[in-house]
>>> print(open('data_2.tsv').read())   # TSV, C-alpha atoms
chain	number	residue	atom	x	y	z
Y	1	MET	CA	0.00	0.00	0.00
Y	2	SER	CA	2.98	2.30	0.47
Y	3	ALA	CA	3.45	2.43	-3.32
Y	4	LEU	CA	-0.09	3.74	-3.76
Y	5	GLY	CA	0.55	6.43	-1.18
Y	6	GLN	CA	3.40	7.74	-3.27
Y	7	ARG	CA	1.26	8.27	-6.38
Y	8	ARG	CA	1.46	11.77	-7.79
Y	9	ARG	CA	-0.60	13.64	-10.30
Y	10	ASN	CA	1.07	13.61	-13.75
Y	11	SER	CA	0.97	17.40	-14.12
Y	12	ALA	CA	2.89	17.37	-17.42
Y	13	LEU	CA	-0.05	15.58	-19.05
Y	14	PHE	CA	-2.44	18.21	-17.70
Y	15	ALA	CA	-0.18	20.99	-19.05
Y	16	GLY	CA	-0.06	19.22	-22.43
Y	17	THR	CA	-3.85	18.99	-22.53
Y	18	ALA	CA	-4.13	22.71	-21.71
Y	19	PHE	CA	-1.77	23.63	-24.55
Y	20	LEU	CA	-3.71	21.35	-26.91
Y	21	PHE	CA	-6.74	23.49	-26.10
Y	22	PHE	CA	-4.73	26.73	-26.58
Y	23	THR	CA	-3.53	25.43	-29.96
Y	24	ILE	CA	-7.09	24.98	-31.17
Y	25	LEU	CA	-7.98	28.41	-29.78
Y	26	SER	CA	-5.03	30.06	-31.57
Y	27	ASN	CA	-6.42	28.90	-34.92
Y	28	VAL	CA	-9.95	30.29	-34.44
Y	29	PRO	CA	-10.35	32.77	-37.33
Y	30	SER	CA	-12.57	35.28	-35.49
Y	31	LEU	CA	-9.84	35.91	-32.89
Y	32	TYR	CA	-7.63	37.24	-35.70
Y	33	ALA	CA	-9.94	40.24	-36.07
Y	34	MET	CA	-8.66	41.73	-32.79
Y	35	LYS	CA	-6.15	44.54	-33.22
Y	36	GLY	CA	-2.64	43.76	-32.03
Y	37	PHE	CA	-3.68	40.23	-31.11
Y	38	ASP	CA	-3.44	38.68	-34.59
Y	39	ARG	CA	0.35	38.92	-34.89
Y	40	VAL	CA	0.76	37.19	-31.53
Y	41	LEU	CA	-1.73	34.46	-32.52
Y	42	VAL	CA	0.19	33.73	-35.72
Y	43	TRP	CA	3.22	32.65	-33.69
Y	44	ALA	CA	1.22	31.19	-30.81
Y	45	SER	CA	-0.44	28.80	-33.27
Y	46	VAL	CA	2.96	27.17	-33.81
Y	47	VAL	CA	4.55	27.61	-30.36
Y	48	PHE	CA	1.57	26.18	-28.41
Y	49	PRO	CA	1.53	22.76	-30.12
Y	50	VAL	CA	5.32	22.51	-29.60
Y	51	ILE	CA	4.84	23.11	-25.85
Y	52	ALA	CA	1.97	20.59	-25.84
Y	53	LEU	CA	4.12	17.96	-27.54
Y	54	VAL	CA	7.07	18.52	-25.15
Y	55	SER	CA	4.69	18.32	-22.15
Y	56	PHE	CA	3.26	15.02	-23.38
Y	57	ALA	CA	6.77	13.66	-24.00
Y	58	VAL	CA	7.75	14.52	-20.41
Y	59	GLY	CA	4.48	13.20	-18.97
Y	60	LEU	CA	4.59	9.94	-20.92
Y	61	LYS	CA	8.24	9.34	-20.02
Y	62	ARG	CA	7.24	9.65	-16.36
Y	63	ALA	CA	4.18	7.45	-16.84
Y	64	PHE	CA	6.13	4.65	-18.49
Y	65	THR	CA	9.36	4.77	-16.46
Y	66	MET	CA	7.79	5.41	-13.02
Y	67	ARG	CA	4.61	3.37	-13.33
Y	68	GLU	CA	4.08	3.14	-9.58
Y	69	VAL	CA	4.16	6.95	-9.15
Y	70	TYR	CA	2.55	8.40	-12.30
Y	71	GLY	CA	-0.50	7.32	-14.27
Y	72	GLY	CA	-1.99	8.44	-17.57
Y	73	ARG	CA	-0.34	5.96	-19.93
Y	74	ILE	CA	-3.38	5.36	-22.12
Y	75	VAL	CA	-4.97	8.83	-22.10
Y	76	GLY	CA	-1.52	10.44	-22.32
Y	77	SER	CA	-0.57	8.33	-25.34
Y	78	ILE	CA	-3.76	9.16	-27.20
Y	79	LEU	CA	-3.53	12.90	-26.49
Y	80	GLY	CA	0.20	12.80	-27.30
Y	81	VAL	CA	-0.58	11.51	-30.78
Y	82	VAL	CA	-3.30	14.16	-31.13
Y	83	SER	CA	-0.80	16.88	-30.17
Y	84	LEU	CA	1.67	15.56	-32.77
Y	85	LEU	CA	-1.06	15.72	-35.45
Y	86	LEU	CA	-2.06	19.22	-34.32
Y	87	LEU	CA	1.57	20.35	-34.54
Y	88	VAL	CA	1.86	19.04	-38.10
Y	89	GLY	CA	-1.47	20.68	-38.98
Y	90	SER	CA	-0.52	24.02	-37.40
Y	91	VAL	CA	2.86	24.15	-39.15
Y	92	TRP	CA	1.20	23.28	-42.47
Y	93	LEU	CA	-1.37	26.04	-41.93
Y	94	PHE	CA	1.33	28.53	-40.87
Y	95	VAL	CA	3.20	27.90	-44.15
Y	96	HIS	CA	0.06	27.72	-46.31
Y	97	VAL	CA	-1.46	31.06	-45.19
Y	98	ARG	CA	1.83	32.79	-46.07
Y	99	GLU	CA	1.84	31.53	-49.66
Y	100	VAL	CA	0.72	34.92	-51.00
Y	101	PRO	CA	2.30	36.35	-54.16
Y	102	GLN	CA	5.08	38.95	-53.91
Y	103	SER	CA	3.03	41.62	-55.74
Y	104	SER	CA	6.21	43.55	-56.56
Y	105	GLY	CA	4.47	44.89	-59.67
Y	106	ALA	CA	1.58	46.41	-57.71
Y	107	PRO	CA	1.25	50.22	-57.89
Y	108	HIS	CA	3.35	51.79	-55.15
Y	109	VAL	CA	2.64	54.83	-52.99
Y	110	GLY	CA	3.14	57.94	-55.14
Y	111	GLN	CA	2.34	56.13	-58.40
Y	112	LYS	CA	-0.89	56.39	-60.40
Y	113	ALA	CA	-3.40	53.62	-59.80
Y	114	PRO	CA	-4.11	52.00	-63.20
Y	115	ASP	CA	-7.63	52.87	-64.39
Y	116	PHE	CA	-10.10	50.07	-65.00
Y	117	THR	CA	-13.76	49.38	-65.73
Y	118	LEU	CA	-15.59	46.53	-64.00
Y	119	THR	CA	-19.18	45.39	-63.41
Y	120	ASP	CA	-20.81	46.20	-60.08
Y	121	SER	CA	-23.31	43.97	-58.24
Y	122	ASP	CA	-26.22	45.59	-60.14
Y	123	GLY	CA	-24.63	44.84	-63.50
Y	124	SER	CA	-23.53	48.43	-64.26
Y	125	GLN	CA	-20.11	49.26	-65.70
Y	126	VAL	CA	-18.05	51.33	-63.25
Y	127	SER	CA	-14.59	52.84	-63.84
Y	128	LEU	CA	-12.02	53.99	-61.29
Y	129	ALA	CA	-12.16	57.47	-62.84
Y	130	GLN	CA	-15.93	57.55	-62.18
Y	131	LEU	CA	-15.46	56.37	-58.60
Y	132	LEU	CA	-12.92	59.15	-58.03
Y	133	SER	CA	-15.14	61.90	-59.43
Y	134	ALA	CA	-18.73	60.88	-58.67
Y	135	PRO	CA	-20.27	62.97	-55.86
Y	136	VAL	CA	-20.73	61.49	-52.38
Y	137	GLY	CA	-23.73	62.94	-50.54
Y	138	ALA	CA	-23.32	66.70	-50.09
Y	139	SER	CA	-19.61	66.87	-50.95
Y	140	ALA	CA	-18.58	67.31	-54.57
Y	141	GLN	CA	-16.36	64.24	-54.80
Y	142	PRO	CA	-14.73	61.78	-52.41
Y	143	LYS	CA	-11.39	62.74	-50.90
Y	144	ALA	CA	-10.15	59.28	-51.82
Y	145	VAL	CA	-11.23	55.84	-52.98
Y	146	LEU	CA	-10.23	52.78	-50.99
Y	147	LEU	CA	-9.66	49.85	-53.34
Y	148	PHE	CA	-10.24	46.79	-51.20
Y	149	PHE	CA	-9.13	43.65	-53.02
Y	150	TYR	CA	-10.37	40.53	-51.24
Y	151	ARG	CA	-10.21	36.79	-51.75
Y	152	GLY	CA	-13.91	36.38	-52.45
Y	153	TYR	CA	-17.09	35.31	-50.74
Y	154	TRP	CA	-17.54	32.11	-52.81
M	1	MET	CA	-13.47	58.16	-48.43
M	2	ARG	CA	-15.30	55.84	-50.81
M	3	PRO	CA	-14.65	52.14	-50.18
M	4	VAL	CA	-14.81	49.82	-53.18
M	5	ALA	CA	-14.48	46.04	-52.84
M	6	ILE	CA	-12.99	44.03	-55.73
M	7	SER	CA	-12.79	40.25	-56.15
M	8	VAL	CA	-13.25	37.46	-58.70
M	9	ASP	CA	-16.80	36.92	-57.40
M	10	THR	CA	-19.59	37.31	-59.96
M	11	PRO	CA	-22.07	40.22	-59.53
M	12	ASP	CA	-24.65	37.72	-58.20
M	13	VAL	CA	-22.34	36.47	-55.44
M	14	SER	CA	-21.48	40.08	-54.49
M	15	LYS	CA	-25.18	40.99	-54.48
M	16	ASP	CA	-25.82	38.09	-52.11
M	17	LEU	CA	-22.95	39.16	-49.84
M	18	ARG	CA	-24.11	42.80	-49.82
M	19	SER	CA	-27.65	41.90	-48.83
M	20	LYS	CA	-26.56	39.37	-46.18
M	21	ALA	CA	-23.88	41.56	-44.60
M	22	GLY	CA	-25.70	44.86	-45.13
M	23	TYR	CA	-22.83	46.51	-47.03
M	24	THR	CA	-23.90	49.59	-48.97
M	25	PHE	CA	-20.63	50.41	-50.75
M	26	THR	CA	-19.75	49.32	-54.29
M	27	PHE	CA	-18.67	45.76	-55.07
M	28	LEU	CA	-16.90	45.17	-58.39
M	29	SER	CA	-16.56	41.83	-60.13
M	30	ASP	CA	-13.39	40.78	-61.89
M	31	PRO	CA	-14.17	37.12	-62.71
M	32	LYS	CA	-11.34	36.87	-65.26
M	33	ALA	CA	-8.95	38.60	-62.81
M	34	GLU	CA	-7.91	41.12	-65.47
M	35	VAL	CA	-7.65	44.08	-63.09
M	36	ILE	CA	-6.32	41.84	-60.32
M	37	ARG	CA	-3.53	40.79	-62.74
M	38	ARG	CA	-2.85	44.40	-63.75
M	39	TYR	CA	-2.38	45.24	-60.07
M	40	ASP	CA	-0.12	42.16	-59.66
M	41	LEU	CA	-2.35	40.66	-56.98
M	42	LEU	CA	-3.17	37.31	-58.62
M	43	HIS	CA	-2.96	34.42	-56.18
M	44	VAL	CA	-2.68	31.46	-58.55
M	45	GLY	CA	-4.62	28.47	-57.22
M	46	GLY	CA	-5.52	30.33	-54.03
M	47	GLY	CA	-9.26	29.80	-54.30
M	48	PRO	CA	-11.50	26.81	-53.67
M	49	ASN	CA	-10.88	23.97	-56.16
M	50	GLY	CA	-7.60	25.61	-57.16
M	51	GLY	CA	-9.10	28.67	-58.84
M	52	ASP	CA	-7.13	31.90	-59.26
M	53	ILE	CA	-8.20	34.67	-56.89
M	54	SER	CA	-7.01	38.03	-55.60
M	55	ARG	CA	-4.70	38.16	-52.61
M	56	PRO	CA	-5.92	40.53	-49.87
M	57	ALA	CA	-4.60	44.07	-50.58
M	58	GLU	CA	-5.81	47.61	-49.97
M	59	PHE	CA	-4.97	50.84	-51.83
M	60	LEU	CA	-6.02	54.34	-50.89
M	61	VAL	CA	-6.22	56.40	-54.10
M	62	ASP	CA	-6.60	60.20	-53.91
M	63	SER	CA	-8.77	62.27	-56.27
M	64	SER	CA	-5.86	62.73	-58.70
M	65	GLY	CA	-5.64	58.93	-59.05
M	66	THR	CA	-2.39	58.64	-57.06
M	67	VAL	CA	-1.85	55.86	-54.53
M	68	ARG	CA	-1.42	57.47	-51.10
M	69	TRP	CA	-1.37	54.39	-48.88
M	70	GLU	CA	-1.35	50.64	-49.38
M	71	ASN	CA	-1.38	47.49	-47.32
M	72	PHE	CA	-0.40	43.90	-48.11
M	73	THR	CA	-0.76	41.08	-45.63
M	74	GLU	CA	1.92	38.42	-45.40
M	75	ASP	CA	-0.44	36.02	-43.62
M	76	ILE	CA	-4.01	35.81	-44.95
M	77	ARG	CA	-5.32	35.34	-41.40
M	78	VAL	CA	-3.98	38.79	-40.50
M	79	ARG	CA	-6.36	41.30	-42.09
M	80	VAL	CA	-6.22	45.06	-42.44
M	81	LYS	CA	-7.66	47.03	-39.52
M	82	ALA	CA	-10.41	49.59	-40.06
M	83	GLU	CA	-8.52	52.06	-37.81
M	84	ASP	CA	-5.47	51.94	-40.10
M	85	MET	CA	-7.55	52.61	-43.22
M	86	LEU	CA	-9.39	55.49	-41.57
M	87	ALA	CA	-6.12	57.00	-40.28
M	88	ALA	CA	-4.66	56.82	-43.80
M	89	ALA	CA	-7.76	58.52	-45.23
M	90	LYS	CA	-7.60	61.26	-42.58
M	91	ALA	CA	-3.98	61.99	-43.55
M	92	ILE	CA	-5.14	63.12	-47.01
M	93	PRO	CA	-5.88	66.89	-46.95
>>> encode(input="data_2.tsv", output="structure tokens")
Amino acid sequence: MSALGQRRRNSALFAGTAFLFFTILSNVPSLYAMKGFDRVLVWASVVFPVIALVSFAVGLKRAFTMREVYGGRIVGSILGVVSLLLLVGSVWLFVHVREVPQSSGAPHVGQKAPDFTLTDSDGSQVSLAQLLSAPVGASAQPKAVLLFFYRGYW
Amino acid sequence: MRPVAISVDTPDVSKDLRSKAGYTFTFLSDPKAEVIRRYDLLHVGGGPNGGDISRPAEFLVDSSGTVRWENFTEDIRVRVKAEDMLAAAKAIP
């Protein structure tokens, strides 16, 4: 019975589970809308699964080498594999979301924005020149036009 | 400042988005990505099913047609902030 009395909580496995949860949280798209928070999340999404994996490695080493003191061999093994998969997934995502073109040929600050004519959502033809000169409410013309290129609604 | 959204979406898709999200500003369709290409913003294979789309990018163009501010994201999860766009617009006399 003395061996049972020496049993300790395998805290490394609990820490690993917590960081698994943080990893999932760091990939929630709506959190990226918060100012100043998004740049931290980008790195957290990779650092958190690394911490989770290290925690599970420590916890499982304890569980398997000191069986009489630490438990969690089965649950720890399963969650350890999950954390490895999440790490692979997070790294893949981290690389994938950065695969944006260089856009070195885009108009730079101080240059003229190339004029164009496109169809609006009502089917009318609209040019940049028109957008720059057409009146807005009471004022004669807008101070500026914000061209917002986006990936699409699909 | 007059915001104008541009993507490869068809006018119908943009109409749907406008009514669902309640946007009142202009949405322009560039399904063949001709303007997107001219602005060097084409993200080849970036869309669903490997279609070509626009990368996220924002340009503030003054009344003379000159670019006064621009923003490119290096991570598509990190989007432009409304405060930054408004500050850039305020800086134009």
>>> interface_residues(input="data_2.tsv", of="chain M", to="chain Y", cutoff="6 Å", atoms="only C-alpha atoms", output="ChimeraX atom specification")
/M:1-7,9,11,14-15,27-29,39-41,43,53-63,65-69,74-76,78
>>> atom_distance(input="data_2.tsv", atom1="CA of Val75 in chain Y", atom2="CA of Trp92 in chain Y")
25.7 Å
>>> atom_distance(input="data_2.tsv", atom1="CA of Asp52 in chain M", atom2="CA of Val91 in chain Y")
23.8 Å
>>> atom_distance(input="data_2.tsv", atom1="CA of Val35 in chain M", atom2="CA of Asp12 in chain M")
18.8 Å
>>> closest_residue(input="data_2.tsv", among="Y:Phe48, Y:Trp43, Y:Phe56, Y:Tyr70", to="Gly16 in chain Y", atoms="all atoms listed in the file")
Y:Phe56
>>> closest_residue(input="data_2.tsv", among="Y:Leu93, Y:Val81, Y:Ala57, Y:Leu86", to="Ala15 in chain Y", atoms="all atoms listed in the file")
Y:Ala57
>>> closest_residue(input="data_2.tsv", among="M:Val80, M:Asp30, M:Thr24, M:Val8", to="Gly47 in chain M", atoms="only C-alpha atoms")
M:Val8
>>> residues_around(input="data_2.tsv", residues="Arg73 in chain Y", least_positions_apart="4", cutoff="9 Å", atoms="all atoms listed in the file", output="list in words")
Gly59, Leu60, Ala63, Phe64, Arg67, Ser77 and Ile78 of chain Y
>>> axis_aligned_box(input="data_2.tsv", around="range 112-127 of chain Y", padding_each_side="6 Å", output="lines of an AutoDock Vina configuration file")
center_x = -13.6
center_y = 50.2
center_z = -62.0
size_x = 37.3
size_y = 24.4
size_z = 19.5
>>> residues_near_point(input="data_2.tsv", point="(-0.7, 20.1, -26.4)", cutoff="8 Å", atoms="all atoms listed in the file", output="count of residues only")
20
>>> closest_residue(input="data_2.tsv", among="Y:Gln130, Y:Ala140, Y:Leu84, Y:Gly72", to="Arg8 in chain Y", atoms="all atoms listed in the file")
Y:Gly72
>>> decode(input="data_2.tsv", residues="range 15-54 of chain Y", atoms="N, CA and C atoms", output="compact mmCIF listing (two decimals), in the first residue's frame")
# COMPACT_ATOMS: atom_id res chain seq x y z
N ALA Y 15 -0.72 19.82 -18.33
CA ALA Y 15 -0.18 20.99 -19.05
C ALA Y 15 -0.30 20.77 -20.56
N GLY Y 16 0.04 19.56 -21.00
CA GLY Y 16 -0.06 19.22 -22.43
C GLY Y 16 -1.48 19.37 -22.93
N THR Y 17 -2.44 18.89 -22.14
CA THR Y 17 -3.85 18.99 -22.53
C THR Y 17 -4.28 20.46 -22.63
N ALA Y 18 -3.80 21.28 -21.67
CA ALA Y 18 -4.13 22.71 -21.71
C ALA Y 18 -3.60 23.36 -22.98
N PHE Y 19 -2.36 23.02 -23.35
CA PHE Y 19 -1.77 23.63 -24.55
C PHE Y 19 -2.38 23.08 -25.84
N LEU Y 20 -2.93 21.87 -25.78
CA LEU Y 20 -3.71 21.35 -26.91
C LEU Y 20 -4.91 22.26 -27.15
N PHE Y 21 -5.57 22.61 -26.04
CA PHE Y 21 -6.74 23.49 -26.10
C PHE Y 21 -6.34 24.87 -26.62
N PHE Y 22 -5.21 25.42 -26.12
CA PHE Y 22 -4.73 26.73 -26.58
C PHE Y 22 -4.39 26.70 -28.07
N THR Y 23 -3.88 25.57 -28.54
CA THR Y 23 -3.53 25.43 -29.96
C THR Y 23 -4.78 25.58 -30.83
N ILE Y 24 -5.83 24.89 -30.42
CA ILE Y 24 -7.09 24.98 -31.17
C ILE Y 24 -7.60 26.42 -31.15
N LEU Y 25 -7.52 27.03 -29.95
CA LEU Y 25 -7.98 28.41 -29.78
C LEU Y 25 -7.19 29.38 -30.67
N SER Y 26 -5.89 29.15 -30.81
CA SER Y 26 -5.03 30.06 -31.57
C SER Y 26 -5.28 29.97 -33.07
N ASN Y 27 -6.09 29.01 -33.50
CA ASN Y 27 -6.42 28.90 -34.92
C ASN Y 27 -7.86 29.30 -35.22
N VAL Y 28 -8.56 29.85 -34.23
CA VAL Y 28 -9.95 30.29 -34.44
C VAL Y 28 -9.92 31.60 -35.24
N PRO Y 29 -10.47 31.60 -36.46
CA PRO Y 29 -10.35 32.77 -37.33
C PRO Y 29 -10.87 34.07 -36.73
N SER Y 30 -11.98 34.03 -35.98
CA SER Y 30 -12.57 35.28 -35.49
C SER Y 30 -11.66 36.00 -34.49
N LEU Y 31 -10.76 35.25 -33.83
CA LEU Y 31 -9.84 35.91 -32.89
C LEU Y 31 -8.81 36.76 -33.62
N TYR Y 32 -8.60 36.48 -34.92
CA TYR Y 32 -7.63 37.24 -35.70
C TYR Y 32 -8.13 38.64 -36.06
N ALA Y 33 -9.38 38.91 -35.77
CA ALA Y 33 -9.94 40.24 -36.07
C ALA Y 33 -9.56 41.26 -35.00
N MET Y 34 -9.00 40.79 -33.89
CA MET Y 34 -8.66 41.73 -32.79
C MET Y 34 -7.33 42.41 -33.07
N LYS Y 35 -7.36 43.74 -32.92
CA LYS Y 35 -6.15 44.54 -33.22
C LYS Y 35 -5.00 44.21 -32.26
N GLY Y 36 -3.83 44.03 -32.83
CA GLY Y 36 -2.64 43.76 -32.03
C GLY Y 36 -2.52 42.32 -31.58
N PHE Y 37 -3.62 41.60 -31.62
CA PHE Y 37 -3.68 40.23 -31.11
C PHE Y 37 -3.30 39.23 -32.21
N ASP Y 38 -3.62 39.62 -33.47
CA ASP Y 38 -3.44 38.68 -34.59
C ASP Y 38 -1.98 38.27 -34.81
N ARG Y 39 -1.05 39.25 -34.65
CA ARG Y 39 0.35 38.92 -34.89
C ARG Y 39 0.91 37.99 -33.83
N VAL Y 40 0.36 38.09 -32.61
CA VAL Y 40 0.76 37.19 -31.53
C VAL Y 40 0.20 35.79 -31.81
N LEU Y 41 -1.06 35.74 -32.25
CA LEU Y 41 -1.73 34.46 -32.52
C LEU Y 41 -1.02 33.66 -33.61
N VAL Y 42 -0.51 34.39 -34.61
CA VAL Y 42 0.19 33.73 -35.72
C VAL Y 42 1.31 32.85 -35.19
N TRP Y 43 2.09 33.40 -34.24
CA TRP Y 43 3.22 32.65 -33.69
C TRP Y 43 2.76 31.67 -32.61
N ALA Y 44 1.75 32.07 -31.86
CA ALA Y 44 1.22 31.19 -30.81
C ALA Y 44 0.69 29.89 -31.41
N SER Y 45 0.13 29.97 -32.63
CA SER Y 45 -0.44 28.80 -33.27
C SER Y 45 0.62 27.74 -33.58
N VAL Y 46 1.88 28.13 -33.58
CA VAL Y 46 2.96 27.17 -33.81
C VAL Y 46 3.66 26.82 -32.49
N VAL Y 47 3.83 27.83 -31.62
CA VAL Y 47 4.55 27.61 -30.36
C VAL Y 47 3.72 26.72 -29.40
N PHE Y 48 2.41 26.96 -29.33
CA PHE Y 48 1.57 26.18 -28.41
C PHE Y 48 1.62 24.67 -28.67
N PRO Y 49 1.46 24.21 -29.92
CA PRO Y 49 1.53 22.76 -30.12
C PRO Y 49 2.91 22.17 -29.81
N VAL Y 50 3.98 22.98 -29.97
CA VAL Y 50 5.32 22.51 -29.60
C VAL Y 50 5.39 22.27 -28.09
N ILE Y 51 4.85 23.25 -27.32
CA ILE Y 51 4.84 23.11 -25.85
C ILE Y 51 3.99 21.90 -25.45
N ALA Y 52 2.85 21.73 -26.12
CA ALA Y 52 1.97 20.59 -25.84
C ALA Y 52 2.71 19.28 -26.06
N LEU Y 53 3.42 19.19 -27.19
CA LEU Y 53 4.12 17.96 -27.54
C LEU Y 53 5.23 17.66 -26.53
N VAL Y 54 6.00 18.70 -26.14
CA VAL Y 54 7.07 18.52 -25.15
C VAL Y 54 6.47 18.07 -23.81
